[in-house]
file target_23.cif (mmCIF, C-alpha atoms)
data_my_file
loop_
_atom_site.label_atom_id
_atom_site.label_comp_id
_atom_site.auth_asym_id
_atom_site.auth_seq_id
_atom_site.Cartn_x
_atom_site.Cartn_y
_atom_site.Cartn_z
CA MET A 1 14.94 5.10 -36.60
CA LYS A 2 15.71 2.87 -33.63
CA ILE A 3 15.93 4.55 -30.23
CA SER A 4 19.50 3.29 -29.91
CA GLU A 5 20.34 5.32 -33.01
CA LEU A 6 19.05 8.56 -31.50
CA HIS A 7 21.33 11.05 -29.81
CA PRO A 8 21.59 10.25 -26.07
CA SER A 9 20.03 13.62 -25.22
CA VAL A 10 16.70 12.55 -26.74
CA ARG A 11 16.59 8.89 -25.70
CA PRO A 12 13.86 8.24 -23.12
CA TYR A 13 16.09 6.17 -20.81
CA GLU A 14 18.85 8.75 -20.74
CA ARG A 15 16.41 11.65 -20.41
CA LEU A 16 14.80 10.02 -17.38
CA GLU A 17 18.20 9.46 -15.76
CA THR A 18 19.26 13.04 -16.40
CA TYR A 19 16.06 15.02 -15.88
CA GLY A 20 13.76 12.75 -13.90
CA ALA A 21 10.60 10.87 -14.85
CA GLU A 22 8.40 13.95 -14.47
CA SER A 23 10.20 15.65 -17.38
CA LEU A 24 9.27 12.94 -19.91
CA SER A 25 6.24 13.07 -22.16
CA ASP A 26 3.52 10.42 -22.03
CA GLU A 27 4.93 8.97 -25.22
CA GLU A 28 8.44 8.70 -23.80
CA LEU A 29 7.28 7.08 -20.56
CA LEU A 30 5.17 4.60 -22.50
CA ALA A 31 8.10 3.83 -24.81
CA ILE A 32 10.21 2.87 -21.78
CA VAL A 33 7.52 0.44 -20.65
CA ILE A 34 7.19 -1.04 -24.15
CA ARG A 35 11.00 -1.36 -24.25
CA SER A 36 11.53 -2.68 -27.78
CA GLY A 37 10.06 -1.98 -31.17
CA THR A 38 9.37 -4.12 -34.19
CA LYS A 39 10.64 -4.11 -37.73
CA GLY A 40 10.25 -0.57 -39.01
CA LYS A 41 8.86 0.80 -35.74
CA SER A 42 10.61 1.94 -32.59
CA SER A 43 9.05 1.70 -29.15
CA LYS A 44 8.36 5.45 -29.40
CA ASP A 45 6.45 4.89 -32.63
CA ILE A 46 4.34 2.18 -31.01
CA ALA A 47 3.75 4.38 -27.96
CA SER A 48 2.67 7.28 -30.15
CA GLN A 49 0.20 5.11 -32.05
CA LEU A 50 -1.19 3.64 -28.84
CA LEU A 51 -1.87 7.12 -27.51
CA SER A 52 -3.58 8.34 -30.65
CA ASN A 53 -5.33 5.40 -32.31
CA ALA A 54 -9.05 5.36 -33.07
CA GLU A 55 -9.80 2.79 -30.37
CA ASN A 56 -8.32 5.08 -27.74
CA PRO A 57 -9.45 8.69 -28.26
CA GLU A 58 -8.69 9.53 -24.62
CA GLY A 59 -4.92 9.12 -24.87
CA LEU A 60 -3.05 8.03 -21.76
CA SER A 61 -6.14 7.89 -19.51
CA GLY A 62 -7.89 5.76 -22.12
CA LEU A 63 -5.25 3.03 -21.99
CA TYR A 64 -6.64 1.81 -18.68
CA LYS A 65 -10.01 1.16 -20.32
CA LEU A 66 -8.58 -0.97 -23.12
CA THR A 67 -8.86 -4.70 -22.59
CA LEU A 68 -5.82 -6.94 -22.55
CA LYS A 69 -6.81 -8.27 -25.97
CA GLU A 70 -7.24 -4.78 -27.41
CA LEU A 71 -3.76 -3.88 -26.25
CA ALA A 72 -2.24 -7.15 -27.45
CA ASP A 73 -3.84 -6.79 -30.88
CA HIS A 74 -2.24 -3.42 -31.43
CA GLU A 75 0.62 -3.62 -33.92
CA GLY A 76 3.94 -3.92 -32.13
CA VAL A 77 2.50 -4.80 -28.73
CA GLY A 78 1.52 -8.45 -28.45
CA ARG A 79 0.65 -10.56 -25.44
CA VAL A 80 3.68 -9.99 -23.19
CA LYS A 81 3.89 -6.22 -23.67
CA ALA A 82 0.13 -5.94 -23.17
CA ILE A 83 0.46 -7.76 -19.84
CA VAL A 84 3.33 -5.47 -18.78
CA LEU A 85 1.30 -2.40 -19.77
CA LYS A 86 -1.73 -3.59 -17.82
CA ALA A 87 0.47 -4.28 -14.77
CA CYS A 88 2.05 -0.80 -14.95
CA LEU A 89 -1.33 0.90 -15.32
CA GLU A 90 -2.68 -0.99 -12.32
CA LEU A 91 0.40 -0.14 -10.23
CA GLY A 92 -0.11 3.52 -11.12
CA ARG A 93 -3.76 3.33 -10.12
CA ARG A 94 -2.98 1.67 -6.79
CA SER A 95 -0.18 4.12 -6.07
CA PHE A 96 -2.56 7.02 -6.64
CA MET A 97 -5.14 5.38 -4.41
CA ILE A 98 -2.68 5.04 -1.54
CA CYS A 99 -0.72 8.27 -1.86
CA GLY A 100 -2.93 10.63 -3.77
CA GLY A 101 -6.38 10.32 -2.49
CA LEU A 102 -8.13 7.24 -1.22
CA ASN A 103 -6.74 7.44 2.29
CA ARG A 104 -7.96 11.05 2.48
CA ILE A 105 -11.51 10.32 1.40
CA GLN A 106 -13.93 10.14 4.28
CA LEU A 107 -17.25 8.45 3.65
CA ARG A 108 -18.93 10.03 6.65
CA SER A 109 -22.50 10.16 5.34
CA CYS A 110 -24.88 8.18 3.16
CA ASP A 111 -24.88 10.94 0.54
CA ILE A 112 -21.09 11.11 0.32
CA ALA A 113 -20.82 7.33 0.08
CA SER A 114 -23.54 7.22 -2.58
CA ALA A 115 -21.78 9.85 -4.68
CA TYR A 116 -18.50 7.96 -4.32
CA PHE A 117 -19.95 4.71 -5.63
CA GLU A 118 -22.06 6.41 -8.31
CA GLU A 119 -18.87 7.77 -9.87
CA LYS A 120 -17.42 4.27 -10.06
CA MET A 121 -20.47 2.18 -10.91
CA ALA A 122 -23.24 4.19 -12.57
CA PHE A 123 -22.20 3.31 -16.12
CA LEU A 124 -21.13 -0.31 -15.73
CA ASP A 125 -22.73 -2.59 -18.33
CA SER A 126 -23.08 -5.56 -15.99
CA GLU A 127 -23.63 -6.04 -12.29
CA GLU A 128 -20.71 -5.87 -9.88
CA VAL A 129 -20.33 -5.98 -6.14
CA GLN A 130 -17.78 -3.53 -4.74
CA VAL A 131 -16.69 -2.67 -1.22
CA ALA A 132 -15.02 0.29 0.47
CA LEU A 133 -12.98 -0.68 3.54
CA LEU A 134 -12.84 2.05 6.18
CA ASP A 135 -10.94 2.88 9.35
CA ASN A 136 -12.68 3.97 12.56
CA GLN A 137 -12.84 7.56 11.28
CA HIS A 138 -14.64 6.40 8.13
CA SER A 139 -11.55 7.23 6.06
CA LEU A 140 -11.08 5.01 3.04
CA ILE A 141 -8.41 2.34 3.40
CA SER A 142 -8.98 0.56 0.10
CA HIS A 143 -11.56 -0.23 -2.54
CA HIS A 144 -12.19 -3.66 -4.06
CA VAL A 145 -14.32 -5.29 -6.71
CA VAL A 146 -15.64 -8.25 -4.74
CA CYS A 147 -17.26 -10.09 -7.62
CA LYS A 148 -18.91 -9.73 -10.99
CA GLY A 149 -22.63 -10.32 -10.97
CA SER A 150 -25.42 -9.52 -8.54
CA VAL A 151 -25.18 -9.92 -4.79
CA ASN A 152 -27.48 -12.91 -4.96
CA GLY A 153 -26.58 -14.31 -8.37
CA VAL A 154 -22.96 -14.98 -7.46
CA GLY A 155 -23.65 -16.07 -3.90
CA LEU A 156 -21.71 -13.29 -2.18
CA CYS A 157 -19.09 -14.93 0.01
CA PHE A 158 -19.21 -13.34 3.46
CA ARG A 159 -16.04 -15.09 4.52
CA GLU A 160 -14.00 -13.64 1.65
CA LEU A 161 -15.45 -10.18 2.20
CA PHE A 162 -14.59 -10.15 5.89
CA ARG A 163 -11.21 -11.77 5.23
CA MET A 164 -10.27 -8.72 3.16
CA ALA A 165 -11.48 -6.43 5.93
CA VAL A 166 -9.52 -8.26 8.63
CA LYS A 167 -6.39 -8.41 6.48
CA GLU A 168 -6.44 -4.62 6.03
CA ASN A 169 -7.37 -3.94 9.64
CA ALA A 170 -10.61 -2.24 8.63
CA ALA A 171 -13.06 -1.14 11.30
CA GLY A 172 -15.99 -1.13 8.91
CA LEU A 173 -17.10 -1.42 5.32
CA ILE A 174 -19.64 -0.08 2.88
CA LEU A 175 -20.94 -2.52 0.31
CA ALA A 176 -22.32 -1.47 -3.06
CA HIS A 177 -23.70 -3.11 -6.15
CA ASN A 178 -25.22 -1.67 -9.29
CA HIS A 179 -28.43 -2.24 -11.23
CA PRO A 180 -27.63 -1.72 -14.94
CA SER A 181 -31.34 -1.29 -15.57
CA GLY A 182 -31.01 2.09 -13.88
CA ASP A 183 -33.56 1.41 -11.14
CA PRO A 184 -31.80 1.15 -7.74
CA THR A 185 -34.81 -0.21 -5.87
CA PRO A 186 -33.60 -3.13 -3.71
CA SER A 187 -35.08 -6.58 -4.08
CA GLU A 188 -36.15 -8.66 -1.10
CA GLU A 189 -33.02 -10.75 -1.61
CA ASP A 190 -30.87 -7.59 -1.51
CA ILE A 191 -32.42 -6.64 1.82
CA GLU A 192 -32.09 -10.13 3.30
CA THR A 193 -28.45 -10.35 2.22
CA THR A 194 -27.72 -6.98 3.80
CA VAL A 195 -29.30 -7.92 7.12
CA SER A 196 -27.37 -11.21 7.22
CA LEU A 197 -24.14 -9.46 6.31
CA GLN A 198 -24.57 -6.88 9.06
CA LYS A 199 -25.26 -9.60 11.63
CA SER A 200 -22.15 -11.52 10.54
CA GLY A 201 -20.05 -8.38 10.81
CA LYS A 202 -21.13 -7.79 14.38
CA LEU A 203 -19.93 -11.24 15.37
CA ILE A 204 -16.37 -10.46 14.30
CA GLY A 205 -16.30 -6.76 15.20
CA ILE A 206 -16.49 -5.28 11.71
CA SER A 207 -19.26 -2.76 11.09
CA VAL A 208 -21.26 -3.12 7.90
CA ILE A 209 -22.14 0.55 7.68
CA ASP A 210 -24.27 0.74 4.57
CA HIS A 211 -25.26 -1.10 1.42
CA ILE A 212 -25.71 1.17 -1.57
CA ILE A 213 -27.43 0.19 -4.79
CA VAL A 214 -26.34 2.30 -7.74
CA GLY A 215 -28.64 3.03 -10.67
CA ARG A 216 -28.36 5.57 -13.49
CA GLY A 217 -27.97 8.99 -11.93
CA ILE A 218 -29.58 7.82 -8.70
CA SER A 219 -28.72 5.44 -5.89
CA PHE A 220 -30.41 3.83 -2.90
CA SER A 221 -28.83 3.74 0.56
CA MET A 222 -30.21 0.98 2.73
CA LEU A 223 -29.04 2.81 5.86
CA LYS A 224 -30.65 6.11 4.85
CA ASN A 225 -33.91 4.32 4.05
CA GLY A 226 -34.04 2.49 7.36
CA LEU A 227 -33.41 -1.01 6.02
CA MET A 228 -30.41 -1.67 8.22
CA GLU A 229 -29.29 -0.72 11.72
CA GLU A 230 -27.08 2.30 12.29
CA ASN A 231 -23.70 1.34 13.75
#
call {"tool": "encode", "arguments": {"input": "target_23.cif", "output": "structure tokens"}}
result
Amino acid sequence: MKISELHPSVRPYERLETYGAESLSDEELLAIVIRSGTKGKSSKDIASQLLSNAENPEGLSGLYKLTLKELADHEGVGRVKAIVLKACLELGRRSFMICGGLNRIQLRSCDIASAYFEEKMAFLDSEEVQVALLDNQHSLISHHVVCKGSVNGVGLCFRELFRMAVKENAAGLILAHNHPSGDPTPSEEDIETTVSLQKSGKLIGISVIDHIIVGRGISFSMLKNGLMEEN
């Protein structure tokens, strides 16, 4: 049955208007984003299958982990709806970061910062460089994936990193990258890059507070281990 054929009291659009978005189920909210169905399937049917298919055992939270192709390949979704879904999921994530938590997180110590990045990076399959931008109270302003690949392998661009910090009026930053091998021991190149980055930051008034290397269940703080100056 098409959604337009349902009684107004059970249509997702009308229910949201009448009762508010918080009253709708995950399936109904997803159906609104999907908008239209296909032959033999309504948008609610597609939403229900997306939330319960074998590739996504985690339901709504699992949708964020699906790739664009995995979403697009799902029956009734396709390229455009997959892009819209990805955009909505990312907007939700950013909204939560701004209003629900990131601006309240304070990375005041090496241990707290290490735990923060371990949660995000410990199980990545490939190397990434990420950065936490902080205010002068060490409260988190925003979090970014700077690049995919190792600090040295991709030629970390200092200018781009500091451009982000200046744009968001950050007083300092904590850099992190992961070692998928599980061993967080820094290489000589890691150390040299960190020292250069900290020197560059001083020139423009942005503190490079720490550089954390994340392994499997363990991380290495360059600040805590005396490999960089304390700001």
call {"tool": "residues_around", "arguments": {"input": "target_23.cif", "residues": "Gly37 (chain A)", "least_positions_apart": "5", "cutoff": "9 Å", "atoms": "all atoms listed in the file", "output": "short mmCIF file (atom, residue, chain, number, x, y, z; two decimals) with C-alpha atoms, in the frame of the given file"}}
result
data_model
loop_
_atom_site.label_atom_id
_atom_site.label_comp_id
_atom_site.auth_asym_id
_atom_site.auth_seq_id
_atom_site.Cartn_x
_atom_site.Cartn_y
_atom_site.Cartn_z
CA LYS A 2 15.71 2.87 -33.63
CA ILE A 3 15.93 4.55 -30.23
CA ALA A 31 8.10 3.83 -24.81
CA SER A 42 10.61 1.94 -32.59
CA SER A 43 9.05 1.70 -29.15
CA LYS A 44 8.36 5.45 -29.40
CA ASP A 45 6.45 4.89 -32.63
CA ILE A 46 4.34 2.18 -31.01
CA GLY A 76 3.94 -3.92 -32.13
CA VAL A 77 2.50 -4.80 -28.73
#
call {"tool": "atom_distance", "arguments": {"input": "target_23.cif", "atom1": "CA of Asp210 (chain A)", "atom2": "CA of Glu90 (chain A)"}}
result
27.5 Å
call {"tool": "resolve_selection", "arguments": {"input": "target_23.cif", "expression": "the PyMOL selection byres ((chain A and resi 134) around 9)", "output": "MDAnalysis selection string"}}
result
chainID A and resid 106:107 132:133 135:142 165 169:174
call {"tool": "residues_around", "arguments": {"input": "target_23.cif", "residues": "Ser109 (chain A)", "least_positions_apart": "4", "cutoff": "10 Å", "atoms": "all atoms listed in the file", "output": "ChimeraX atom specification"}}
result
/A:113-114,138,209-210,223-224
call {"tool": "residues_near_point", "arguments": {"input": "target_23.cif", "point": "(-17.4, -12.3, 12.4)", "cutoff": "12 Å", "atoms": "all atoms listed in the file", "output": "JSON, numbers by chain"}}
result
{"A": [158, 159, 160, 161, 162, 163, 165, 166, 172, 196, 197, 198, 199, 200, 201, 202, 203, 204, 205, 206, 207, 208]}
call {"tool": "residues_near_point", "arguments": {"input": "target_23.cif", "point": "(5.7, -4.7, -21.3)", "cutoff": "7 Å", "atoms": "only C-alpha atoms", "output": "CSV table (one decimal) with C-alpha atoms, in the coordinates of the input"}}
result
chain,number,residue,atom,x,y,z
A,33,VAL,CA,7.5,0.4,-20.6
A,34,ILE,CA,7.2,-1.0,-24.2
A,35,ARG,CA,11.0,-1.4,-24.2
A,80,VAL,CA,3.7,-10.0,-23.2
A,81,LYS,CA,3.9,-6.2,-23.7
A,82,ALA,CA,0.1,-5.9,-23.2
A,83,ILE,CA,0.5,-7.8,-19.8
A,84,VAL,CA,3.3,-5.5,-18.8
A,85,LEU,CA,1.3,-2.4,-19.8
call {"tool": "atom_distance", "arguments": {"input": "target_23.cif", "atom1": "CA of Tyr13 (chain A)", "atom2": "CA of Arg79 (chain A)"}}
result
23.2 Å
call {"tool": "residues_around", "arguments": {"input": "target_23.cif", "residues": "Ser52 (chain A)", "least_positions_apart": "6", "cutoff": "12 Å", "atoms": "all atoms listed in the file", "output": "PyMOL selection string"}}
result
chain A and resi 26-27+45-46+58-63+74
call {"tool": "resolve_selection", "arguments": {"input": "target_23.cif", "expression": "the PyMOL selection byres ((chain A and resi 121) around 10)", "output": "count of residues only"}}
result
24
call {"tool": "atom_distance", "arguments": {"input": "target_23.cif", "atom1": "CA of Thr194 (chain A)", "atom2": "CA of Glu230 (chain A)"}}
result
12.6 Å
call {"tool": "closest_residue", "arguments": {"input": "target_23.cif", "among": "A:His143, A:Leu30, A:Lys39, A:Glu70", "to": "Arg94 (chain A)", "atoms": "only C-alpha atoms"}}
result
A:His143
